[in-house]
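Notes follow the structure.
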Amino acid sequence: MIDLKLIEEKPEYVKEALAKKGWEFDPQPLLALITKRRELIRSVEANKAEQNKLSASVPAVKKAGGNVQEIFAQVKALAAENKDKEVELKNVEAEIKATVEVLPNMPDPDLEAGAKENNKPFYVFGKKPEFSFKAKDHVELAESLGLIDYKRAAKISGSGTWVYTGLGAQLEWALLNYFISTHIADGYTMMLVPHILNEESGYTAGQFPKFKEDVFWLEDSEPRKFILPTAETALVNIHRDEVLSVDDLPKKYFAYTPCYRKEAGSYRTEERGMIRGYQFDKVEMVQYTTDDGSDVAFDELVKKAQALLEGLGLHYQLDKLAAGDCSHSMARTYDIEVWIPSMGIYKEVSSVSNARDYQARRGMIRYKDKDGKMHFCHTLNGSGLATSRVYPALLEQNQQEDGSVIIPEVLRPWMGGLSVLKPIKK
RNA sequence: GGAGACAUACCCAAGAGGCCGAAGGGGACGGUUUGCUAAACCGUUAGUGGGGGUUACUCCAGCAAGGGUUCAAAUCCCUUUGUCUCCGCCA
């Protein structure tokens, strides 16, 4: 949520910032509502003060044997007078909220305006592997190595899914273990969270109301609940409606969960295999920081995500996203994109974002500074990492002429020391 | 899933229609005493959100949340949420 005060004080500034995200925002109607709200409050509260004063005098008047009925009538009249305005005030406040809550976060000033095409890769690790043989894509590799069963997944679930089998499952688990143990070593607190969340959690994270169609909803839960599309949604709500102490910040968490997404209509034919599915595994990092601590935290999260990929020895590029490509709730996002040889493109494996106080305002996540003053926290999140693109990249980038795939050294402890995946004979 | 009990400040807890923004205790903080610690004693300790005012200050809301009854609600009624206990079911 954008600070209402800021909109009121610098409407043009907010308007221009949102324009960089491709969002048309006309502050005038909102400003009119804010003025209206203030007028109503003034009038409604003056009336209430009058009512309170009269009511408070009742016991004394009673004791003195005065006419209490007269006071009752007066207060009743005042209340009747106020009624319409109170309703109007409520409506105006609801309207203000509805207007502001759908606005995306403002991008940081240094971001390029515009969408995807203005993203700027600014760091590259490794280089594109060159194959002296005809390279296979990851679907072919996964099947020939006996790692993944797409057919049976379709049978038991449907398209957009897969089953990790045998060493394939072990490899997936090895990746997750590698991520998890790294985060623990870096001092992050491990969390295992519920996968079914209530609506407020989606609201605070900023996924609602705008993206309600993108998640899976449970039909028979009351109130309605949804299945998390990312562990961020859970982690960023852990301290909802809390006042943290400045001494406890930053708080550093990570969680492993599968992520469930509808991905309605987004399937593209070239995105075969596990590039895009309804369910994928991800380890997610989240930090809560002070309002001046989020830039440092952001750099740390980006470096951590990079380090994970570098540990695997995979070629990737680091992208600074243009304003319009940043997530709805985010002021700033860097993507780490791994090279998928068969597709000839880089695909996102990690997205590190700084929400600044956008989520904290929605969820009333605050902290008290040394002087006892209240501030909104800043929240940040970053994947560390999603396996569903790392896995294909790993298979494809590490494939050998004989169809085998080298297992990165960091994963071997969880693979029983195995160093190479070999094709299974049919 | 069924039945019941409960929800008050940092914690425990009183409170049963006006005298309650809320007793009492603990804790925390400050002070006195003390060679230090402990103890004792004294004091402070409702945060928050929203109006108004240059300030002093003042008003409105707020006793889980949302409605209602009433001139007046922590207190009565309804709904929701959460916690606990018992029963059923179950990994």
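FYI, nothing fancy with the structure tokens labels: chains A, B, ... in order, residues from 1 per chain, ligands from 1 as they appear.
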So that I can check the secondary structure, give me every residue of range 41-153 of chain A assigned strand (DSSP E or B) by backbone DSSP, as a VMD selection string.
chain A and resid 120 to 125 148 to 149
Tell me, as number ranges by chain, which residues lie within 7 Å of Thr161 in chain A, counting only C-alpha atoms (C1' of nucleotides); anything in the same chain fewer than 3 positions away does not count.
A: 153-154, 158, 277-279
Using only C-alpha atoms, which of A:Lys155, A:Lys127, A:Gly168, A:Glu300 sits nearest Trp339 in chain A?
A:Lys127
Out of A:Asp402, A:Asp108, A:Glu219, A:Asp241, which residue has the shortest atom-to-atom distance to chain B when counting only C-alpha atoms (C1' of nucleotides)?
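Ranking A:Asp402, A:Asp108, A:Glu219, A:Asp241 by distance to chain B, first place goes to A:Asp241.
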For Glu200 in chain A, find every residue with an atom within 9 Å (counting only C-alpha atoms (C1' of nucleotides)), except residues of its own chain fewer than 6 positions away, and show them as a list in words.
Phe208, Asn237 and Gly363 of chain A
Output of the above residues as a PDB file, in the first residue's frame, restricted to C-alpha atoms:
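part39.pdb written:
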ATOM      1  CA  PHE A 208      -4.809  -9.636  -3.528  1.00  0.00           C
ATOM      2  CA  ASN A 237       2.864 -12.628   7.056  1.00  0.00           C
ATOM      3  CA  GLY A 363      -0.154  -5.984   7.112  1.00  0.00           C
TER       4      GLY A 363
END
Neighbours of Pro392 in chain A within 9 Å (only C-alpha atoms (C1' of nucleotides); same-chain residues fewer than 5 positions away dropped), as a PyMOL selection string?
chain A and resi 137-139+141-142+273-275+340+387+397
For the residues in that selection, give me C-alpha atoms as a JSON list (two decimals), in the first residue's frame.
[["chain", "number", "residue", "atom", "x", "y", "z"],
["A", 137, "ASP", "CA", 17.01, -30.78, -24.29],
["A", 138, "HIS", "CA", 16.20, -31.40, -20.67],
["A", 139, "VAL", "CA", 13.04, -33.36, -21.31],
["A", 141, "LEU", "CA", 17.76, -36.00, -20.89],
["A", 142, "ALA", "CA", 15.46, -36.42, -17.91],
["A", 273, "GLY", "CA", 9.12, -30.17, -19.27],
["A", 274, "MET", "CA", 9.42, -28.41, -16.00],
["A", 275, "ILE", "CA", 9.97, -24.86, -17.15],
["A", 340, "ILE", "CA", 18.83, -23.03, -20.94],
["A", 387, "THR", "CA", 14.52, -25.78, -8.70],
["A", 397, "GLN", "CA", 24.61, -27.42, -19.31]]
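The shortest atom-to-atom distance to chain B, with only C-alpha atoms (C1' of nucleotides) taken into account, belongs to A:Asn198 out of A:Thr189, A:Thr257, A:Asn198, A:Thr182.
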Write out as a tab-separated table a residue-level contact list of chain B versus chain A with cut-off 6 Å: for each qualifying residue the closest pair of atoms and the distance in Å to one decimal, counting only C-alpha atoms (C1' of nucleotides), rows sorted by chain and residue number upward.
residue	atom	partner	partner_atom	distance
B:C60	C1'	A:Glu45	CA	5.4
B:C71	C1'	A:Phe72	CA	3.9
B:A72	C1'	A:Ser55	CA	5.9
How about saving the chosen residues, C-alpha atoms (C1' of nucleotides) kept, as a compact mmCIF listing (two decimals), in the first residue's frame?
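Writing done, so here's again-v8.txt:
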# COMPACT_ATOMS: atom_id res chain seq x y z
C1' C B 60 -12.84 11.04 18.31
C1' C B 71 -29.62 8.94 26.19
C1' A B 72 -25.21 5.92 27.84
